[in-house]
2 protein chains.
Amino acid sequence: MSKNQHTAAIIIIGNEILSGRTQDKNVQFIAQRLSDLGIRLCEVRMVPDIEGRIVKAVNNVRKQYDYVFTTGGIGPTHDDITPASVAKSFKVPLIRDKGVEKILRKRCNLSGDVFVMADAPEGAVWIHNDTGPGFYLENVFVMAGVPSVAQEVFAKIEPMLVGGNKFISKSVTIFAGESKIRDMLYNMQDKFSQLQIGSYPFVDADKKWYTDIVVRSQNSEEIEIAIKWLVKKLDTLELRYKEVM
Amino acid sequence: MSKNQHTAAIIIIGNEILSGRTQDKNVQFIAQRLSDLGIRLCEVRMVPDIEGRIVKAVNNVRKQYDYVFTTGGIGPTHDDITPASVAKSFKVPLIRDKGVEKILRKRCNLSGDVFVMADAPEGAVWIHNDTGPGFYLENVFVMAGVPSVAQEVFAKIEPMLVGGNKFISKSVTIFAGESKIRDMLYNMQDKFSQLQIGSYPFVDADKKWYTDIVVRSQNSEEIEIAIKWLVKKLDTLELRYKEVM
């Protein structure tokens with residue numbers, strides 16, 4: 001695998017996502033950061049708080065991709081089963097970290113057996129931070145579901161990740177629906193087959209259709225050449241457009 | 001499978017989600033509607049615009065769940081490969097529907113070979129609507145990625161779905177972090193094992209922690225009993241809370 005071909009998957013764990021109660025925000029945040037780090041996000045799975053389902057998802061993706069990020073299901077309550085599930089995925093026991101337990105005792109006025117928050121699979125490395133727990137085991141990074149906490153933990157993880165050139169994208173908004181530019185887009189993708197070219201229609205309040213053409217790559221020069229080609233074609237087709245960075 | 005045990009999965013198709021460019025909104029919308037319909041959403045997958053990945057995801061989930069909903073990748077351009085991928089999943093050819101083609105010709109001032117939008121897998125049934133394409137084949141429902149279009153198509157699909165009693169949830173916001181209520185929650189889940197009980201911590205601008213306890217079920221009486229039990233326990237623990245519907 002070349003150094004620009006690092007891959008990742010995300011597993012979002014939580015009944016609150018699948019019930020529709022909560023709008024997930026972790027996928028987009030992690031996706032954007034991975035994009036900047038030059039790591040290709042290949043897949044996302046959202047699974048319920050059921051051990052068997054988490055184990056299956058973790059085992060399915062951790063062998064396929066360089067990195068796996070999970071959010072949700074870590075904390076002290078009955079539905080926080082991610083650490084135990086990750087331990088089961090790796091067939092290792094769950095171990096209480098005395099250092100983390102000590103930090104928890106110092107930090108909070110805690111009651112009950114909340115020191116389960118100091119439990120992680122044997123061999124896991126704790127990610128120390130100010131607000132919440134997090135750890136990694138081999139290529140699986142385990143974070144909380146609360147977006148602000150996940151973001152803080154991810155910032156600590158970033159320096160550990162090996163990526164490639166940043167993914168850059170440039171987009172052109174065309175004042176027309178996709179049907180007007182279909183043939184041109186086929187030609188464009190043929191001509192620039194090494195680029196990821198996306199066509200995203202959207203509709204405004206007056207029910208007028210537009211299309212965003214997004215060109216994405218780890219090579220900014222190739223993007224520039226493709227955008228120039230596109231703009232020239234749009235002029236020939238007499239279609240209005242605006243370039244957006 | 002009892003009539004209250006209908007299950008579903010969602011497949012979100014699109015590079016724009018995995019690149020972080022677009023915040024997905026279809027999962028939450030479909031999840032909420034399924035919840036109202038008494039259908040349990042068991043899994044979500046987000047995959048790129050790559051035929052092999054779509055085929056694999058569709059085939060993996062369509063045999064596991066009663067219903068599969070896909071969004072994204074239908075339209076006239078080079079990256080709209082969902083219909084062909086679904087056809088491949090079912091090992092049937094892609095067929096142009098003359099009726100749909102006629103509607104498209106009438107509706108729009110189209111250029112180029114955009115009538116690929118009238119292509120669907122052999123055996124698929126078209127879902128007629130005013131804004132965009134959609135069809136289903138066996139238990140797989142294929143919708144556009146643009147949220148407004150997906151929502152319009154989903155409204156046409158709803159009457160075809162067999163569900164159960166509506167999932168109801170009631171929540172109590174506790175003015176404390178999860179650690180204070182851990183033992184109580186374990187007791188609660190033991191006592192009301194037939195209910196889905198979720199514990200969701202969140203933090204306000206002043207960095208104060210709260211916890212939402214969400215009780216979810218298809219049986220409203222059971223929810224009421226559990227909430228009464230919870231409120232009594234919170235009074236005993238002298239914890240402040242507010243009930244939210």
# chains A, B, ... in the order shown; residues from 1 in each chain; ligands from 1

$ residues_around --residues "A:Met188" --least-positions-apart "5" --cutoff "9 Å" --atoms "only C-alpha atoms" --output "ChimeraX atom specification"
/A:183,193,197,226,229-230

$ write_last_selection --atoms "C-alpha atoms" --output "PDB file, in the first residue's frame"
ATOM      1  CA  ASP A 183     -22.428  13.972 -21.247  1.00  0.00           C
ATOM      2  CA  SER A 193      -9.943   9.232 -14.205  1.00  0.00           C
ATOM      3  CA  ILE A 197     -15.479  13.837  -9.474  1.00  0.00           C
ATOM      4  CA  ALA A 226      -9.610  19.631 -14.396  1.00  0.00           C
ATOM      5  CA  TRP A 229     -11.224  22.117 -18.498  1.00  0.00           C
ATOM      6  CA  LEU A 230     -14.663  22.129 -16.834  1.00  0.00           C
TER       7      LEU A 230
END

$ residues_around --residues "A:Thr77" --least-positions-apart "6" --cutoff "8 Å" --atoms "only C-alpha atoms" --output "NGL selection string"
(:A and (114)) or (:B and (178-179 or 182-183 or 185-186 or 199))

$ write_last_selection --atoms "C-alpha atoms" --output "CSV table (one decimal), in the first residue's frame"
chain,number,residue,atom,x,y,z
A,114,VAL,CA,-18.1,4.3,38.2
B,178,GLU,CA,-23.8,9.6,34.7
B,179,SER,CA,-21.6,8.6,37.6
B,182,ARG,CA,-24.9,4.4,37.6
B,183,ASP,CA,-26.1,1.9,40.2
B,185,LEU,CA,-29.6,2.7,36.2
B,186,TYR,CA,-28.3,-0.9,36.5
B,199,SER,CA,-28.3,7.2,29.3

$ select_by_dssp --residues "stretch 123-229 of chain A" --states "helix (DSSP H, G or I)" --output "PyMOL selection string"
chain A and resi 147-160+178-191+220-229

$ write_last_selection --atoms "N, CA and C atoms" --output "short mmCIF file (atom, residue, chain, number, x, y, z; two decimals), in the first residue's frame"
data_model
loop_
_atom_site.label_atom_id
_atom_site.label_comp_id
_atom_site.auth_asym_id
_atom_site.auth_seq_id
_atom_site.Cartn_x
_atom_site.Cartn_y
_atom_site.Cartn_z
N PRO A 147 -20.08 14.73 21.00
CA PRO A 147 -19.18 15.29 19.99
C PRO A 147 -18.01 16.10 20.55
N SER A 148 -18.26 16.94 21.56
CA SER A 148 -17.15 17.77 22.07
C SER A 148 -16.05 16.90 22.67
N VAL A 149 -16.45 15.82 23.33
CA VAL A 149 -15.46 14.91 23.93
C VAL A 149 -14.74 14.12 22.83
N ALA A 150 -15.49 13.63 21.86
CA ALA A 150 -14.88 12.88 20.75
C ALA A 150 -13.87 13.76 20.02
N GLN A 151 -14.20 15.01 19.85
CA GLN A 151 -13.29 15.93 19.13
C GLN A 151 -12.01 16.17 19.92
N GLU A 152 -12.16 16.28 21.23
CA GLU A 152 -10.98 16.50 22.06
C GLU A 152 -10.06 15.28 22.02
N VAL A 153 -10.67 14.10 22.09
CA VAL A 153 -9.87 12.87 22.04
C VAL A 153 -9.23 12.70 20.66
N PHE A 154 -9.99 13.03 19.62
CA PHE A 154 -9.45 12.87 18.27
C PHE A 154 -8.21 13.75 18.06
N ALA A 155 -8.22 14.93 18.66
CA ALA A 155 -7.06 15.83 18.55
C ALA A 155 -5.80 15.17 19.14
N LYS A 156 -6.00 14.34 20.17
CA LYS A 156 -4.86 13.63 20.77
C LYS A 156 -4.42 12.45 19.90
N ILE A 157 -5.37 11.91 19.15
CA ILE A 157 -5.08 10.75 18.29
C ILE A 157 -4.32 11.18 17.03
N GLU A 158 -4.70 12.34 16.50
CA GLU A 158 -4.16 12.77 15.20
C GLU A 158 -2.66 12.59 15.03
N PRO A 159 -1.84 13.02 16.03
CA PRO A 159 -0.39 12.89 15.83
C PRO A 159 0.08 11.45 15.66
N MET A 160 -0.77 10.49 16.07
CA MET A 160 -0.38 9.08 15.97
C MET A 160 -0.69 8.49 14.60
N GLU A 178 -28.62 18.35 -13.26
CA GLU A 178 -27.61 17.42 -13.75
C GLU A 178 -27.82 17.00 -15.20
N SER A 179 -29.06 17.02 -15.63
CA SER A 179 -29.35 16.47 -16.96
C SER A 179 -28.65 17.26 -18.06
N LYS A 180 -28.43 18.55 -17.83
CA LYS A 180 -27.79 19.41 -18.84
C LYS A 180 -26.30 19.12 -19.02
N ILE A 181 -25.71 18.50 -18.02
CA ILE A 181 -24.24 18.38 -18.03
C ILE A 181 -23.78 16.93 -18.00
N ARG A 182 -24.75 16.02 -18.18
CA ARG A 182 -24.42 14.60 -18.06
C ARG A 182 -23.28 14.17 -18.99
N ASP A 183 -23.42 14.46 -20.28
CA ASP A 183 -22.43 13.97 -21.25
C ASP A 183 -21.06 14.58 -20.96
N MET A 184 -21.08 15.88 -20.64
CA MET A 184 -19.83 16.56 -20.32
C MET A 184 -19.14 15.91 -19.11
N LEU A 185 -19.94 15.54 -18.10
CA LEU A 185 -19.37 14.91 -16.90
C LEU A 185 -18.77 13.54 -17.20
N TYR A 186 -19.43 12.77 -18.06
CA TYR A 186 -18.86 11.48 -18.46
C TYR A 186 -17.50 11.67 -19.11
N ASN A 187 -17.44 12.66 -20.01
CA ASN A 187 -16.15 12.96 -20.67
C ASN A 187 -15.10 13.38 -19.64
N MET A 188 -15.55 14.20 -18.68
CA MET A 188 -14.63 14.71 -17.68
C MET A 188 -14.06 13.56 -16.83
N GLN A 189 -14.94 12.66 -16.39
CA GLN A 189 -14.45 11.56 -15.56
C GLN A 189 -13.53 10.63 -16.36
N ASP A 190 -13.83 10.45 -17.65
CA ASP A 190 -12.95 9.65 -18.52
C ASP A 190 -11.58 10.30 -18.63
N LYS A 191 -11.59 11.61 -18.85
CA LYS A 191 -10.36 12.37 -19.09
C LYS A 191 -9.51 12.45 -17.82
N SER A 220 -3.12 18.91 -6.03
CA SER A 220 -3.81 20.17 -6.31
C SER A 220 -3.65 20.61 -7.77
N GLU A 221 -2.50 20.28 -8.38
CA GLU A 221 -2.28 20.68 -9.78
C GLU A 221 -3.28 19.98 -10.70
N GLU A 222 -3.50 18.70 -10.44
CA GLU A 222 -4.45 17.95 -11.26
C GLU A 222 -5.86 18.53 -11.13
N ILE A 223 -6.18 18.99 -9.92
CA ILE A 223 -7.50 19.60 -9.70
C ILE A 223 -7.63 20.87 -10.54
N GLU A 224 -6.58 21.70 -10.51
CA GLU A 224 -6.62 22.95 -11.27
C GLU A 224 -6.85 22.72 -12.75
N ILE A 225 -6.13 21.72 -13.28
CA ILE A 225 -6.26 21.42 -14.72
C ILE A 225 -7.69 20.97 -15.03
N ALA A 226 -8.26 20.14 -14.16
CA ALA A 226 -9.61 19.63 -14.40
C ALA A 226 -10.65 20.75 -14.31
N ILE A 227 -10.46 21.64 -13.33
CA ILE A 227 -11.41 22.75 -13.16
C ILE A 227 -11.36 23.68 -14.39
N LYS A 228 -10.14 23.93 -14.87
CA LYS A 228 -10.01 24.78 -16.08
C LYS A 228 -10.73 24.15 -17.27
N TRP A 229 -10.55 22.85 -17.41
CA TRP A 229 -11.22 22.12 -18.50
C TRP A 229 -12.74 22.24 -18.35
#

$ residues_around --residues "B:Gly123" --least-positions-apart "4" --cutoff "12 Å" --atoms "only C-alpha atoms" --output "list in words"
Val86, Ala87, Phe90, Lys91, Val92, Pro93, Leu94, Ile95, Arg96, Asp97, Asp119, Phe135, Tyr136, Leu137, Glu138, Asn139 and Val140 of chain B

$ closest_atom_pairs --of "chain B" --to "chain A" --cutoff "6 Å" --atoms "only C-alpha atoms" --output "tab-separated table"
residue	atom	partner	partner_atom	distance
B:Leu18	CA	A:Leu41	CA	5.7
B:Ser19	CA	A:Ala31	CA	5.6
B:Gly20	CA	A:Ala31	CA	4.6
B:Gln23	CA	A:Gln28	CA	5.9
B:Gln28	CA	A:Gly20	CA	4.7
B:Ala31	CA	A:Gly20	CA	4.6
B:Gln32	CA	A:Gly20	CA	4.6
B:Leu41	CA	A:Leu18	CA	5.8
B:Glu43	CA	A:Val47	CA	5.2
B:Val44	CA	A:Met46	CA	4.9
B:Arg45	CA	A:Arg45	CA	4.6
B:Met46	CA	A:Val44	CA	4.9
B:Val47	CA	A:Glu43	CA	5.2
B:Thr77	CA	A:Arg182	CA	5.1
B:His78	CA	A:Tyr186	CA	5.6
B:Ser111	CA	A:Lys180	CA	5.7
B:Val114	CA	A:Ser179	CA	5.7
B:Ser179	CA	A:Val114	CA	5.7
B:Lys180	CA	A:Ser111	CA	5.7
B:Arg182	CA	A:Thr77	CA	5.1
B:Tyr186	CA	A:His78	CA	5.6

$ write_last_selection --atoms "N, CA and C atoms" --output "compact mmCIF listing (two decimals), in the first residue's frame"
# COMPACT_ATOMS: atom_id res chain seq x y z
N LEU B 18 -18.59 10.48 2.90
CA LEU B 18 -17.33 9.93 3.42
C LEU B 18 -16.17 10.94 3.33
N SER B 19 -16.31 11.95 2.48
CA SER B 19 -15.27 12.98 2.42
C SER B 19 -15.49 14.05 3.48
N GLY B 20 -16.67 14.03 4.11
CA GLY B 20 -16.98 15.05 5.10
C GLY B 20 -17.58 16.31 4.50
N GLN B 23 -23.10 16.82 5.44
CA GLN B 23 -23.66 16.25 6.66
C GLN B 23 -24.89 15.43 6.27
N GLN B 28 -31.34 10.27 10.11
CA GLN B 28 -32.24 10.67 11.19
C GLN B 28 -33.69 10.75 10.71
N ALA B 31 -34.94 7.17 10.26
CA ALA B 31 -34.98 6.54 11.60
C ALA B 31 -36.23 6.99 12.36
N GLN B 32 -36.51 8.28 12.32
CA GLN B 32 -37.68 8.79 13.05
C GLN B 32 -38.98 8.25 12.46
N LEU B 41 -34.97 0.02 13.35
CA LEU B 41 -33.79 0.24 12.50
C LEU B 41 -32.59 -0.40 13.20
N GLU B 43 -29.42 -1.14 11.68
CA GLU B 43 -28.08 -0.94 11.16
C GLU B 43 -28.08 0.12 10.07
N VAL B 44 -27.00 0.89 10.01
CA VAL B 44 -26.79 1.84 8.92
C VAL B 44 -25.40 1.60 8.36
N ARG B 45 -25.27 1.63 7.06
CA ARG B 45 -23.95 1.60 6.43
C ARG B 45 -23.82 2.77 5.49
N MET B 46 -22.64 3.38 5.50
CA MET B 46 -22.35 4.45 4.55
C MET B 46 -21.20 3.97 3.68
N VAL B 47 -21.44 3.94 2.38
CA VAL B 47 -20.45 3.38 1.45
C VAL B 47 -20.18 4.37 0.32
N THR B 77 -25.99 11.20 -13.82
CA THR B 77 -24.55 11.42 -14.08
C THR B 77 -23.68 10.19 -13.79
N HIS B 78 -22.40 10.35 -14.11
CA HIS B 78 -21.43 9.25 -14.06
C HIS B 78 -21.31 8.61 -12.67
N SER B 111 -31.47 17.19 -22.14
CA SER B 111 -30.51 16.99 -23.23
C SER B 111 -29.62 15.82 -22.88
N VAL B 114 -30.08 11.41 -20.74
CA VAL B 114 -30.44 11.45 -19.32
C VAL B 114 -31.52 10.43 -19.01
N SER B 179 -22.19 9.39 36.52
CA SER B 179 -21.58 8.64 37.62
C SER B 179 -22.49 8.59 38.85
N LYS B 180 -23.30 9.62 39.04
CA LYS B 180 -24.17 9.69 40.22
C LYS B 180 -25.34 8.70 40.14
N ARG B 182 -25.31 5.70 38.21
CA ARG B 182 -24.94 4.44 37.59
C ARG B 182 -25.65 3.24 38.22
N TYR B 186 -28.46 0.59 36.57
CA TYR B 186 -28.32 -0.87 36.45
C TYR B 186 -29.56 -1.56 37.02
